[in-house]
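To be precise, the following lines are run_9.tsv, and they hold TSV, C-alpha atoms.
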```tsv
chain	number	residue	atom	x	y	z
Z	1	GLY	CA	25.13	-12.64	17.38
Z	2	LYS	CA	25.63	-9.19	18.83
Z	3	THR	CA	22.86	-6.64	19.07
Z	4	ASN	CA	23.86	-3.16	17.99
Z	5	LEU	CA	22.63	-0.85	20.77
Z	6	SER	CA	22.31	2.14	18.45
Z	7	GLN	CA	20.03	0.16	16.12
Z	8	SER	CA	17.80	-0.79	19.07
Z	9	ILE	CA	17.60	2.82	20.23
Z	10	ASP	CA	16.80	4.02	16.70
Z	11	LYS	CA	13.70	1.79	16.72
Z	12	LEU	CA	12.36	3.87	19.61
Z	13	SER	CA	13.01	7.23	17.95
Z	14	PRO	CA	10.27	8.68	15.74
Z	15	SER	CA	11.11	8.08	12.10
Z	16	ARG	CA	9.74	10.28	9.35
Z	17	PHE	CA	8.42	8.54	6.31
Z	18	ARG	CA	7.46	10.05	3.03
Z	19	ARG	CA	6.87	7.32	0.54
Z	20	PRO	CA	5.83	7.58	-3.08
Z	21	THR	CA	2.26	6.49	-3.71
Z	22	GLY	CA	2.05	2.72	-3.56
Z	23	ASP	CA	5.26	2.14	-1.58
Z	24	LEU	CA	5.06	-0.32	1.29
Z	25	LEU	CA	5.70	0.59	4.92
Z	26	PRO	CA	8.89	-1.24	5.93
Z	27	ALA	CA	7.97	-1.66	9.63
Z	28	ASP	CA	5.16	-1.84	12.18
Z	29	GLY	CA	4.78	1.23	14.34
Z	30	ILE	CA	2.75	3.78	16.23
Z	31	LEU	CA	1.83	6.96	14.39
Z	32	VAL	CA	2.94	10.10	16.25
Z	33	GLN	CA	2.33	12.73	13.54
Z	34	ALA	CA	0.37	12.64	10.29
Z	35	SER	CA	-0.47	14.91	7.41
Z	36	ASP	CA	-3.42	13.64	5.30
Z	37	LEU	CA	-2.17	10.06	5.64
Z	38	LYS	CA	-4.18	7.34	3.89
Z	39	LEU	CA	-3.12	3.70	3.63
Z	40	ASP	CA	-4.18	0.69	1.62
Z	41	GLU	CA	-4.33	-2.14	4.17
Z	42	SER	CA	-6.05	-4.62	1.84
Z	43	SER	CA	-3.04	-6.95	1.75
Z	44	LEU	CA	-3.51	-7.67	5.48
Z	45	THR	CA	-7.16	-6.95	6.22
Z	46	GLY	CA	-8.97	-7.45	2.92
Z	47	GLU	CA	-10.52	-3.98	3.36
Z	48	THR	CA	-10.56	-2.28	-0.04
Z	49	ASP	CA	-11.26	1.28	1.16
Z	50	LEU	CA	-8.31	3.53	1.97
Z	51	ILE	CA	-7.81	3.92	5.71
Z	52	LYS	CA	-7.25	7.44	7.01
Z	53	LYS	CA	-4.70	7.51	9.83
Z	54	ASN	CA	-4.10	10.25	12.37
Z	55	GLU	CA	-2.28	10.60	15.67
Z	56	ASN	CA	-5.49	11.10	17.66
Z	57	ASP	CA	-7.55	8.12	16.55
Z	58	ASP	CA	-6.13	5.27	14.46
Z	59	VAL	CA	-2.41	5.14	15.34
Z	60	GLY	CA	-1.41	1.58	14.42
Z	61	LEU	CA	0.71	1.14	11.29
Z	62	LEU	CA	1.59	-2.25	9.83
Z	63	SER	CA	4.46	-3.19	7.56
Z	64	GLY	CA	3.39	-4.30	4.12
Z	65	THR	CA	0.59	-1.75	3.89
Z	66	GLN	CA	0.78	0.82	1.12
Z	67	VAL	CA	1.02	4.58	1.57
Z	68	MET	CA	-1.47	6.05	-0.86
Z	69	GLU	CA	-1.55	9.70	0.28
Z	70	GLY	CA	0.17	12.00	2.75
Z	71	SER	CA	3.08	11.53	5.13
Z	72	GLY	CA	3.81	11.04	8.79
Z	73	ARG	CA	6.15	10.09	11.62
Z	74	MET	CA	6.05	6.85	13.54
Z	75	VAL	CA	7.84	5.05	16.33
Z	76	VAL	CA	9.00	1.71	14.92
Z	77	LEU	CA	7.86	-1.30	16.95
Z	78	GLY	CA	8.87	-4.22	14.75
Z	79	VAL	CA	10.62	-5.12	11.53
Z	80	GLY	CA	11.12	-8.30	9.57
Z	81	LEU	CA	10.17	-11.41	11.55
Z	82	ASN	CA	9.23	-9.19	14.50
Z	83	SER	CA	6.52	-7.40	12.49
Z	84	GLN	CA	2.91	-8.46	12.01
Z	85	VAL	CA	3.71	-9.66	8.49
Z	86	GLY	CA	6.62	-11.70	9.92
Z	87	VAL	CA	4.29	-13.35	12.43
Z	88	ILE	CA	1.82	-14.25	9.67
Z	89	MET	CA	4.51	-15.79	7.48
```

Taking this structure as input, can you express it in the form of structure tokens?
Amino acid sequence: GKTNLSQSIDKLSPSRFRRPTGDLLPADGILVQASDLKLDESSLTGETDLIKKNENDDVGLLSGTQVMEGSGRMVVLGVGLNSQVGVIM
């Protein structure tokens, strides 16, 4: 099939996400800006504590994790089968 160039370029552009509490991140990415962002990564890591993310320290974001507080911007690195969840499945 054909690859849509604009879709590929959009993956490299920072995308803002503001998800309601409990919504899943739809893609893997690198955090470039955060405002009080806390995630529930227990579905992938088993860690039950919320993980605070910021652009200076813990920048990796994984699809399938839940946004519990805050908001941010990320550069999308992988979706679907090209995400960490896709590799696991």

Which polymer residues have any atom within 12 Å of an atom of Z:Lys52, counting only C-alpha atoms, with same-chain residues fewer than 3 positions away left out, as a CSV table (one decimal) with C-alpha atoms, keeping the file's coordinate frame?
```csv
chain,number,residue,atom,x,y,z
Z,31,LEU,CA,1.8,7.0,14.4
Z,34,ALA,CA,0.4,12.6,10.3
Z,35,SER,CA,-0.5,14.9,7.4
Z,36,ASP,CA,-3.4,13.6,5.3
Z,37,LEU,CA,-2.2,10.1,5.6
Z,38,LYS,CA,-4.2,7.3,3.9
Z,39,LEU,CA,-3.1,3.7,3.6
Z,40,ASP,CA,-4.2,0.7,1.6
Z,41,GLU,CA,-4.3,-2.1,4.2
Z,49,ASP,CA,-11.3,1.3,1.2
Z,55,GLU,CA,-2.3,10.6,15.7
Z,56,ASN,CA,-5.5,11.1,17.7
Z,57,ASP,CA,-7.6,8.1,16.6
Z,58,ASP,CA,-6.1,5.3,14.5
Z,59,VAL,CA,-2.4,5.1,15.3
Z,60,GLY,CA,-1.4,1.6,14.4
Z,61,LEU,CA,0.7,1.1,11.3
Z,66,GLN,CA,0.8,0.8,1.1
Z,67,VAL,CA,1.0,4.6,1.6
Z,68,MET,CA,-1.5,6.0,-0.9
Z,69,GLU,CA,-1.6,9.7,0.3
Z,70,GLY,CA,0.2,12.0,2.8
Z,71,SER,CA,3.1,11.5,5.1
Z,72,GLY,CA,3.8,11.0,8.8
```

Next item on the list: Select, from Z:Val75, Z:Leu24, Z:Ser83, Z:Thr65, the residue with the minimum atom-to-atom distance to Z:Gly46, counting only C-alpha atoms.
Entry: Z:Thr65

Item checked: Separation of atom CA of Z:Asn54 from atom CA of Z:Val32, in Å and rounded to one decimal -> 8.0 Å

Item checked: Long-range neighbours of Z:Val79 as number ranges by chain, 9 Å cut-off, all atoms listed in the file, 2 positions minimum in chain -> Z: 26-28, 63, 76-77, 81-86

Can you write out the residues you just picked, keeping C-alpha atoms, as a PDB file, in the frame of the given file?
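Once everything was written out, this is again27.pdb:
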```pdb
ATOM      1  CA  PRO Z  26       8.890  -1.240   5.930  1.00  0.00           C
ATOM      2  CA  ALA Z  27       7.970  -1.660   9.630  1.00  0.00           C
ATOM      3  CA  ASP Z  28       5.160  -1.840  12.180  1.00  0.00           C
ATOM      4  CA  SER Z  63       4.460  -3.190   7.560  1.00  0.00           C
ATOM      5  CA  VAL Z  76       9.000   1.710  14.920  1.00  0.00           C
ATOM      6  CA  LEU Z  77       7.860  -1.300  16.950  1.00  0.00           C
ATOM      7  CA  LEU Z  81      10.170 -11.410  11.550  1.00  0.00           C
ATOM      8  CA  ASN Z  82       9.230  -9.190  14.500  1.00  0.00           C
ATOM      9  CA  SER Z  83       6.520  -7.400  12.490  1.00  0.00           C
ATOM     10  CA  GLN Z  84       2.910  -8.460  12.010  1.00  0.00           C
ATOM     11  CA  VAL Z  85       3.710  -9.660   8.490  1.00  0.00           C
ATOM     12  CA  GLY Z  86       6.620 -11.700   9.920  1.00  0.00           C
TER      13      GLY Z  86
END
```

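The space separating atom CA of Z:Gly78 from atom CA of Z:Leu25 comes to 11.4 Å.
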